[in-house]
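Visitor: Below is the file protein_3.cif, with mmCIF, C-alpha atoms and all ligand atoms.
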```
data_upload
loop_
_atom_site.group_PDB
_atom_site.id
_atom_site.type_symbol
_atom_site.label_atom_id
_atom_site.label_comp_id
_atom_site.auth_asym_id
_atom_site.auth_seq_id
_atom_site.Cartn_x
_atom_site.Cartn_y
_atom_site.Cartn_z
ATOM 1 C CA MET A 8 92.759 179.075 158.569
ATOM 2 C CA THR A 9 96.010 180.984 158.263
ATOM 3 C CA TRP A 10 98.218 181.794 155.318
ATOM 4 C CA HIS A 11 101.640 180.106 155.318
ATOM 5 C CA PRO A 12 104.594 181.859 153.658
ATOM 6 C CA VAL A 13 105.868 180.185 150.465
ATOM 7 C CA GLU A 14 108.484 182.590 149.197
ATOM 8 C CA ILE A 15 109.357 186.150 148.422
ATOM 9 C CA GLY A 16 109.766 186.394 144.643
ATOM 10 C CA ARG A 17 112.583 188.125 142.834
ATOM 11 C CA SER A 18 110.136 190.953 142.217
ATOM 12 C CA GLY A 19 109.424 191.334 145.929
ATOM 13 C CA ALA A 20 105.945 189.825 145.737
ATOM 14 C CA VAL A 21 104.979 187.786 148.796
ATOM 15 C CA VAL A 22 103.461 184.379 148.025
ATOM 16 C CA GLU A 23 101.525 182.464 150.687
ATOM 17 C CA TRP A 24 99.629 179.183 150.700
ATOM 18 C CA ARG A 25 96.575 177.935 152.488
ATOM 19 C CA GLU A 26 94.496 174.824 151.847
ATOM 20 C CA GLY A 27 93.999 174.676 148.077
ATOM 21 C CA MET A 28 94.993 178.213 147.207
ATOM 22 C CA PHE A 29 97.888 180.626 146.785
ATOM 23 C CA ARG A 30 97.886 184.328 147.546
ATOM 24 C CA LYS A 31 100.368 186.727 145.955
ATOM 25 C CA THR A 32 100.605 190.265 147.325
ATOM 26 C CA SER A 33 102.812 193.230 146.564
ATOM 27 C CA ASP A 34 102.865 196.886 147.474
ATOM 28 C CA ASP A 35 105.088 197.690 144.485
ATOM 29 C CA PRO A 36 102.891 199.722 142.104
ATOM 30 C CA ARG A 37 104.920 198.432 139.120
ATOM 31 C CA MET A 38 103.735 194.923 139.914
ATOM 32 C CA ASP A 39 100.105 194.910 138.858
ATOM 33 C CA LEU A 40 98.609 191.729 140.315
ATOM 34 C CA GLU A 41 95.128 192.613 139.126
ATOM 35 C CA ALA A 42 96.515 192.665 135.578
ATOM 36 C CA GLU A 43 98.277 189.363 136.245
ATOM 37 C CA GLY A 44 94.905 187.897 137.248
ATOM 38 C CA ALA A 45 93.324 189.188 134.030
ATOM 39 C CA ARG A 46 96.101 187.581 132.000
ATOM 40 C CA LEU A 47 95.682 184.230 133.762
ATOM 41 C CA ARG A 48 91.941 184.359 133.044
ATOM 42 C CA TRP A 49 92.569 185.213 129.399
ATOM 43 C CA LEU A 50 94.958 182.284 128.974
ATOM 44 C CA ARG A 51 92.535 179.879 130.624
ATOM 45 C CA ASP A 52 89.663 181.075 128.434
ATOM 46 C CA ALA A 53 91.911 180.542 125.411
ATOM 47 C CA GLY A 54 92.247 176.871 126.384
ATOM 48 C CA ILE A 55 95.737 176.937 127.897
ATOM 49 C CA PRO A 56 95.975 175.011 131.201
ATOM 50 C CA THR A 57 96.366 177.838 133.709
ATOM 51 C CA ALA A 58 95.874 178.427 137.432
ATOM 52 C CA GLU A 59 92.257 179.409 138.091
ATOM 53 C CA VAL A 60 91.886 182.942 139.465
ATOM 54 C CA LEU A 61 89.685 182.938 142.591
ATOM 55 C CA ASP A 62 90.022 186.645 143.328
ATOM 56 C CA CYS A 63 92.243 189.560 142.435
ATOM 57 C CA GLY A 64 92.384 193.286 142.965
ATOM 58 C CA PRO A 65 94.888 196.083 143.481
ATOM 59 C CA GLY A 66 97.924 194.508 145.162
ATOM 60 C CA TYR A 67 96.669 190.934 145.438
ATOM 61 C CA LEU A 68 95.945 187.791 143.464
ATOM 62 C CA ILE A 69 94.450 184.552 144.773
ATOM 63 C CA THR A 70 94.666 181.434 142.591
ATOM 64 C CA ALA A 71 93.501 177.868 143.069
ATOM 65 C CA GLU A 72 96.366 175.491 143.735
ATOM 66 C CA VAL A 73 97.485 173.812 140.507
ATOM 67 C CA PRO A 74 97.982 170.081 141.170
ATOM 68 C CA GLY A 75 101.270 168.376 140.370
ATOM 69 C CA ARG A 76 104.826 169.599 140.557
ATOM 70 C CA SER A 77 106.837 172.126 138.629
ATOM 71 C CA ALA A 78 109.548 171.379 136.084
ATOM 72 C CA ALA A 79 112.030 172.715 138.655
ATOM 73 C CA ASP A 80 111.087 170.091 141.248
ATOM 74 C CA PRO A 81 113.098 166.856 141.198
ATOM 75 C CA TRP A 82 111.965 164.394 138.487
ATOM 76 C CA PRO A 83 113.047 160.780 138.021
ATOM 77 C CA VAL A 84 115.645 160.502 135.239
ATOM 78 C CA GLU A 85 113.326 158.605 132.901
ATOM 79 C CA LEU A 86 110.586 161.255 133.153
ATOM 80 C CA ARG A 87 112.771 164.315 132.502
ATOM 81 C CA PRO A 88 112.590 164.054 128.680
ATOM 82 C CA ARG A 89 108.815 163.779 128.956
ATOM 83 C CA VAL A 90 108.631 166.947 131.050
ATOM 84 C CA ILE A 91 110.709 168.746 128.409
ATOM 85 C CA ASP A 92 108.457 167.432 125.626
ATOM 86 C CA ALA A 93 105.317 168.505 127.489
ATOM 87 C CA LEU A 94 106.781 171.976 127.956
ATOM 88 C CA ALA A 95 107.546 172.217 124.220
ATOM 89 C CA ASP A 96 104.003 171.048 123.371
ATOM 90 C CA LEU A 97 102.561 173.670 125.734
ATOM 91 C CA LEU A 98 104.509 176.379 123.925
ATOM 92 C CA ILE A 99 103.419 175.080 120.523
ATOM 93 C CA ALA A 100 99.778 175.435 121.657
ATOM 94 C CA LEU A 101 100.321 178.845 123.264
ATOM 95 C CA HIS A 102 102.210 180.248 120.288
ATOM 96 C CA ALA A 103 99.512 178.978 117.913
ATOM 97 C CA LEU A 104 96.838 181.253 119.460
ATOM 98 C CA PRO A 105 95.718 184.081 117.144
ATOM 99 C CA VAL A 106 97.647 187.219 118.105
ATOM 100 C CA GLU A 107 94.805 189.472 117.014
ATOM 101 C CA ASP A 108 92.621 188.079 119.826
ATOM 102 C CA CYS A 109 95.162 188.904 122.550
ATOM 103 C CA PRO A 110 94.705 192.340 124.142
ATOM 104 C CA TYR A 111 98.141 192.401 125.801
ATOM 105 C CA ASP A 112 101.046 193.954 123.900
ATOM 106 C CA ARG A 113 104.540 192.891 124.988
ATOM 107 C CA SER A 114 106.288 193.713 121.717
ATOM 108 C CA LEU A 115 109.527 195.700 121.779
ATOM 109 C CA HIS A 116 107.514 198.840 121.171
ATOM 110 C CA VAL A 117 106.303 198.377 124.794
ATOM 111 C CA THR A 118 109.082 196.417 126.470
ATOM 112 C CA LEU A 119 112.117 198.413 125.274
ATOM 113 C CA PRO A 120 110.931 201.756 126.732
ATOM 114 C CA GLU A 121 109.928 199.841 129.869
ATOM 115 C CA ALA A 122 113.446 198.355 130.106
ATOM 116 C CA LEU A 123 115.002 201.800 129.688
ATOM 117 C CA ARG A 124 112.940 203.056 132.638
ATOM 118 C CA ALA A 125 113.856 200.054 134.817
ATOM 119 C CA GLU A 126 116.722 199.645 137.271
ATOM 120 C CA PRO A 127 118.183 196.190 136.577
ATOM 121 C CA ASP A 128 119.500 194.295 139.600
ATOM 122 C CA LEU A 129 123.242 194.445 138.869
ATOM 123 C CA ASP A 130 123.926 191.888 141.622
ATOM 124 C CA ASP A 131 121.728 189.322 139.864
ATOM 125 C CA LEU A 132 122.959 189.413 136.263
ATOM 126 C CA ASP A 133 123.443 186.290 134.130
ATOM 127 C CA GLU A 134 126.964 184.867 134.375
ATOM 128 C CA ALA A 135 127.938 186.238 130.959
ATOM 129 C CA ARG A 136 127.269 189.787 132.198
ATOM 130 C CA ARG A 137 128.683 189.701 135.746
ATOM 131 C CA GLY A 138 130.063 193.092 136.702
ATOM 132 C CA TRP A 139 128.378 195.008 133.875
ATOM 133 C CA THR A 140 127.077 198.506 134.516
ATOM 134 C CA ARG A 141 123.578 199.639 133.619
ATOM 135 C CA ASP A 142 125.031 201.715 130.761
ATOM 136 C CA GLN A 143 126.760 198.653 129.325
ATOM 137 C CA LEU A 144 123.509 196.697 129.456
ATOM 138 C CA VAL A 145 121.604 199.492 127.708
ATOM 139 C CA GLU A 146 124.310 199.879 125.059
ATOM 140 C CA GLU A 147 124.231 196.130 124.359
ATOM 141 C CA LEU A 148 120.412 196.210 124.067
ATOM 142 C CA GLY A 149 120.634 198.846 121.338
ATOM 143 C CA ARG A 150 123.507 197.089 119.574
ATOM 144 C CA THR A 151 121.842 193.661 119.458
ATOM 145 C CA GLN A 152 118.172 194.526 118.867
ATOM 146 C CA PRO A 153 116.828 192.088 116.244
ATOM 147 C CA ALA A 154 115.708 193.565 112.920
ATOM 148 C CA SER A 155 112.236 192.049 113.160
ATOM 149 C CA GLU A 156 109.799 190.408 115.580
ATOM 150 C CA ASP A 157 108.039 187.106 114.992
ATOM 151 C CA LEU A 158 104.924 187.899 117.032
ATOM 152 C CA VAL A 159 102.938 185.233 118.916
ATOM 153 C CA VAL A 160 101.110 185.038 122.260
ATOM 154 C CA THR A 161 103.904 184.541 124.812
ATOM 155 C CA HIS A 162 103.903 183.694 128.519
ATOM 156 C CA GLY A 163 106.767 186.107 129.162
ATOM 157 C CA ASP A 164 108.463 184.313 132.082
ATOM 158 C CA LEU A 165 108.530 180.701 131.034
ATOM 159 C CA CYS A 166 111.093 179.388 133.519
ATOM 160 C CA MET A 167 110.997 175.908 135.043
ATOM 161 C CA PRO A 168 109.228 176.840 138.327
ATOM 162 C CA ASN A 169 106.329 178.458 136.438
ATOM 163 C CA VAL A 170 104.853 175.333 134.802
ATOM 164 C CA LEU A 171 103.362 172.382 136.711
ATOM 165 C CA PHE A 172 102.935 168.776 135.514
ATOM 166 C CA ALA A 173 101.133 165.635 136.624
ATOM 167 C CA PRO A 174 103.740 163.455 138.385
ATOM 168 C CA ASP A 175 102.649 160.260 136.586
ATOM 169 C CA THR A 176 101.655 161.310 133.035
ATOM 170 C CA CYS A 177 103.827 164.474 132.784
ATOM 171 C CA ARG A 178 100.806 166.259 131.313
ATOM 172 C CA VAL A 179 100.861 170.033 131.947
ATOM 173 C CA THR A 180 98.443 170.815 134.777
ATOM 174 C CA GLY A 181 98.875 174.578 134.670
ATOM 175 C CA VAL A 182 101.021 177.624 134.140
ATOM 176 C CA ILE A 183 101.352 180.364 136.770
ATOM 177 C CA ASP A 184 103.155 183.710 137.099
ATOM 178 C CA ALA A 185 101.738 185.235 133.911
ATOM 179 C CA GLY A 186 102.212 188.922 134.745
ATOM 180 C CA ARG A 187 104.235 189.475 131.568
ATOM 181 C CA MET A 188 102.033 187.474 129.191
ATOM 182 C CA GLY A 189 101.284 189.125 125.861
ATOM 183 C CA VAL A 190 102.069 189.425 122.167
ATOM 184 C CA ALA A 191 105.832 189.335 121.644
ATOM 185 C CA ASP A 192 108.519 187.509 119.695
ATOM 186 C CA ARG A 193 108.373 183.727 120.217
ATOM 187 C CA TRP A 194 112.019 183.859 121.347
ATOM 188 C CA VAL A 195 110.973 185.641 124.556
ATOM 189 C CA ASP A 196 109.675 182.256 125.747
ATOM 190 C CA LEU A 197 112.233 180.086 123.945
ATOM 191 C CA ALA A 198 115.174 182.099 125.314
ATOM 192 C CA ILE A 199 113.944 182.090 128.913
ATOM 193 C CA ALA A 200 112.888 178.423 128.890
ATOM 194 C CA THR A 201 116.248 177.241 127.502
ATOM 195 C CA ARG A 202 118.154 179.476 129.918
ATOM 196 C CA SER A 203 116.176 177.976 132.780
ATOM 197 C CA MET A 204 116.772 174.372 131.696
ATOM 198 C CA THR A 205 120.528 174.940 131.310
ATOM 199 C CA SER A 206 120.853 176.903 134.560
ATOM 200 C CA ARG A 207 122.837 175.505 137.470
ATOM 201 C CA LEU A 208 119.608 175.912 139.440
ATOM 202 C CA ASN A 209 118.084 173.130 137.310
ATOM 203 C CA ALA A 210 120.967 170.653 137.149
ATOM 204 C CA GLN A 211 118.665 167.715 136.353
ATOM 205 C CA TYR A 212 118.378 169.161 132.832
ATOM 206 C CA GLY A 213 121.167 170.725 130.757
ATOM 207 C CA PRO A 214 122.165 171.220 127.109
ATOM 208 C CA TRP A 215 120.500 167.931 126.073
ATOM 209 C CA ALA A 216 117.198 169.308 127.357
ATOM 210 C CA ALA A 217 117.492 172.630 125.494
ATOM 211 C CA GLU A 218 118.332 170.796 122.287
ATOM 212 C CA ARG A 219 115.465 168.349 122.699
ATOM 213 C CA PHE A 220 113.077 171.195 123.566
ATOM 214 C CA LEU A 221 113.884 173.276 120.458
ATOM 215 C CA THR A 222 113.736 170.219 118.192
ATOM 216 C CA ARG A 223 110.347 169.204 119.574
ATOM 217 C CA TYR A 224 109.107 172.788 119.294
ATOM 218 C CA GLY A 225 110.285 172.707 115.663
ATOM 219 C CA THR A 226 112.966 175.360 115.347
ATOM 220 C CA GLU A 227 116.678 175.721 114.815
ATOM 221 C CA PRO A 228 118.497 177.613 117.579
ATOM 222 C CA ASP A 229 118.606 181.394 117.073
ATOM 223 C CA PRO A 230 121.680 182.587 119.004
ATOM 224 C CA GLY A 231 121.040 186.283 118.249
ATOM 225 C CA LYS A 232 117.458 186.398 119.510
ATOM 226 C CA THR A 233 118.290 184.057 122.394
ATOM 227 C CA ALA A 234 120.994 186.425 123.636
ATOM 228 C CA PHE A 235 118.890 189.542 123.081
ATOM 229 C CA TYR A 236 115.785 188.322 124.916
ATOM 230 C CA ARG A 237 117.865 187.020 127.836
ATOM 231 C CA LEU A 238 119.523 190.443 127.991
ATOM 232 C CA LEU A 239 116.126 192.171 127.909
ATOM 233 C CA ASP A 240 115.033 189.944 130.802
ATOM 234 C CA GLU A 241 117.835 191.430 132.959
ATOM 235 C CA PHE A 242 115.702 194.600 133.060
ATOM 236 C CA ALA A 243 112.537 192.816 134.235
HETATM 237 N N1 LIG B 1 98.221 178.475 141.787
HETATM 238 C C1 LIG B 1 99.351 177.880 142.192
HETATM 239 N N2 LIG B 1 99.429 176.533 142.229
HETATM 240 C C2 LIG B 1 100.546 175.919 142.650
HETATM 241 N N3 LIG B 1 101.658 176.560 143.063
HETATM 242 C C3 LIG B 1 101.645 177.909 143.068
HETATM 243 C C4 LIG B 1 100.504 178.654 142.616
HETATM 244 N N4 LIG B 1 100.783 179.969 142.720
HETATM 245 C C5 LIG B 1 102.029 180.047 143.215
HETATM 246 N N5 LIG B 1 102.551 178.825 143.439
HETATM 247 C C6 LIG B 1 103.863 178.518 144.042
HETATM 248 O O1 LIG B 1 104.428 179.719 144.525
HETATM 249 C C7 LIG B 1 105.646 180.034 143.829
HETATM 250 C C8 LIG B 1 105.700 181.540 143.578
HETATM 251 O O2 LIG B 1 104.571 181.984 142.823
HETATM 252 P P1 LIG B 1 104.769 182.860 141.492
HETATM 253 O O3 LIG B 1 105.587 182.097 140.521
HETATM 254 O O4 LIG B 1 103.441 183.341 141.060
HETATM 255 O O5 LIG B 1 105.550 184.080 142.066
HETATM 256 P P2 LIG B 1 107.056 184.606 141.869
HETATM 257 O O6 LIG B 1 107.855 183.706 140.993
HETATM 258 O O7 LIG B 1 107.539 184.916 143.210
HETATM 259 O O8 LIG B 1 106.663 185.888 141.172
HETATM 260 P P3 LIG B 1 107.462 186.880 140.276
HETATM 261 O O9 LIG B 1 108.236 186.062 139.275
HETATM 262 O O10 LIG B 1 106.328 187.647 139.664
HETATM 263 O O11 LIG B 1 108.304 187.586 141.255
HETATM 264 C C9 LIG B 1 105.589 179.210 142.571
HETATM 265 O O12 LIG B 1 106.872 178.915 142.054
HETATM 266 C C10 LIG B 1 104.847 177.959 143.046
HETATM 267 O O13 LIG B 1 105.724 177.094 143.738
HETATM 268 MG MG MG B 2 107.420 182.233 139.563
#
```
Output the structure of this file as structure tokens.
Guide:
Amino acid sequence: MTWHPVEIGRSGAVVEWREGMFRKTSDDPRMDLEAEGARLRWLRDAGIPTAEVLDCGPGYLITAEVPGRSAADPWPVELRPRVIDALADLLIALHALPVEDCPYDRSLHVTLPEALRAEPDLDDLDEARRGWTRDQLVEELGRTQPASEDLVVTHGDLCMPNVLFAPDTCRVTGVIDAGRMGVADRWVDLAIATRSMTSRLNAQYGPWAAERFLTRYGTEPDPGKTAFYRLLDEFA
């Protein structure tokens, strides 16, 4: 059996598929796939539907194929609200886990210094920041840092391709890509999920979806934290 290429991620990880499993490899030392495997296992043990880790080690991660299709795949119009609701319910469950049990710290105390060491991809900035320099991004981070953090267990990269659903019931079958999972402000996930569902890349959703999602999750929009955590994600 041979591995078939799936994609090369934004991070440069290579993802390949073969009967029933996916393999992710990277020679970038900043991308710790063994740690990503540990995070997936932790989430699964905590009762969150997550890809099962078959094997992982330095530079590689092999997971069992999660059945279903991702939120970014095409969905019939009448099922789209149900996908959004299922995503909100997943986040309610994830964010309800006790933070003291989670060994992974992704609070600003960790992620801000990490961002300041990173080289953001200036050719891949959000529309609002097209043409910005690294210095401008860093200055804006300092200027807009929220006064406090509302800490929960977060996924850390909760975009539409990273959650899969059963095509008939819209039940979540599993989350993947959990390399940045850990204790952080809940708006890390809310900001990235709503950006993803209003992105041109996911035209089947839009502002209605973001509004529905936040209502179902049970929060008012927080424009300040939304902007800040999307900005922080430019450094990831
Ligand atoms: N266990 C799995 N089950 C089903 N599909 C998977 C699985 N693992 C990976 N995939 C598919 O491969 C794609 C890429 O995998 P993944 O999201 O882990 O990497 P990535 O987005 O390239 O990584 P990164 O964001 O870390 O650069 C996913 O969007 C999904 O389509
Ligand atoms: Mg992904």
Visitor: Using only C-alpha atoms and all ligand atoms, pick whichever of A:Asp35, A:Glu59, A:Glu85, A:Glu218 has the shortest atom-to-atom distance to ligand LIG 1 (chain B).
Guide: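 Going through A:Asp35, A:Glu59, A:Glu85, A:Glu218 one by one, the smallest distance to ligand LIG 1 (chain B) is for A:Glu59.
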Visitor: Grab the CA of Tyr224 in chain A to CA of Ala122 in chain A distance for me, in Å with one decimal place.
Guide: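 Result for CA of Tyr224 in chain A versus CA of Ala122 in chain A: 28.1 Å, one decimal.
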Visitor: Please indicate the distance in Å from CA of Arg141 in chain A to CA of Leu197 in chain A, rounded to one decimal place.
Guide: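 Answer for the CA of Arg141 in chain A to CA of Leu197 in chain A separation: 24.6 Å.
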Visitor: Which residues are near ligand MG 2 (chain B) in this structure, taking near to mean any atom at most 9 Å from a ligand atom and counting only C-alpha atoms and all ligand atoms? Format them as a PyMOL selection string.
Guide: chain A and resi 16-17+164-170+183-185
Visitor: In Å, with one decimal, what is the gap from CA of Leu94 in chain A to CA of Ser33 in chain A?
Guide: 28.5 Å
Visitor: Once the PyMOL selection byres (((chain A and resi 112-119) around 7) and not hetatm) has been applied to the shown file, what residues remain in the selection, as an NGL selection string?
Guide: :A and (110-111 or 120-123 or 189-192)
Visitor: For the file shown, what are the residues hit by the PyMOL selection byres (((not hetatm)) within 8 of (chain B and resi 1)), laid out as a PyMOL selection string?
Guide: chain A and resi 13-24+28-31+38+58-59+69-77+164+168-169+171+181+183-186
Visitor: What would the selection look like, as a PyMOL selection string, if the PyMOL selection byres (((chain A and resi 102) around 12) and not hetatm) were run on the coordinates I just shared?
Guide: chain A and resi 50+53+55+95-101+103-106+109+157-163+188-197+224-225
Visitor: Which is closest to Val84 in chain A among A:Phe235, A:Phe172, A:Tyr67, A:Tyr212, if we use all atoms listed in the file?
Guide: A:Tyr212
Visitor: Once you add 3 Å to each side, what are the centre and edge lengths of the axis-aligned box holding all listed atoms of range 22-33 of chain A? One decimal in Å, as AutoDock Vina command-line options, if you can.
Guide:
```
--center_x 98.7 --center_y 184.0 --center_z 149.2 --size_x 15.5 --size_y 24.6 --size_z 12.5
```
Visitor: Find the spatial neighbours of Arg202 in chain A, counting only C-alpha atoms, within a cut-off of 9 Å - ignore same-chain residues fewer than 6 positions away - and output them as a list in words.
Guide: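 Close residues of Arg202 in chain A: Cys166, Ala217, Thr233 and Arg237 of chain A.
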Visitor: If you count only C-alpha atoms, which residues fall within 9 Å of Gly138 in chain A, apart from same-chain ones fewer than 3 positions away, as a JSON list (two decimals) with C-alpha atoms, keeping the file's coordinate frame?
Guide:
```
[["chain", "number", "residue", "atom", "x", "y", "z"],
["A", 129, "LEU", "CA", 123.24, 194.44, 138.87],
["A", 130, "ASP", "CA", 123.93, 191.89, 141.62],
["A", 132, "LEU", "CA", 122.96, 189.41, 136.26]]
```
Visitor: Pick the closest to Tyr236 in chain A from A:Thr32, A:Gln211, A:Thr176, A:Gln152: which is it, counting all atoms listed in the file?
Guide: A:Gln152
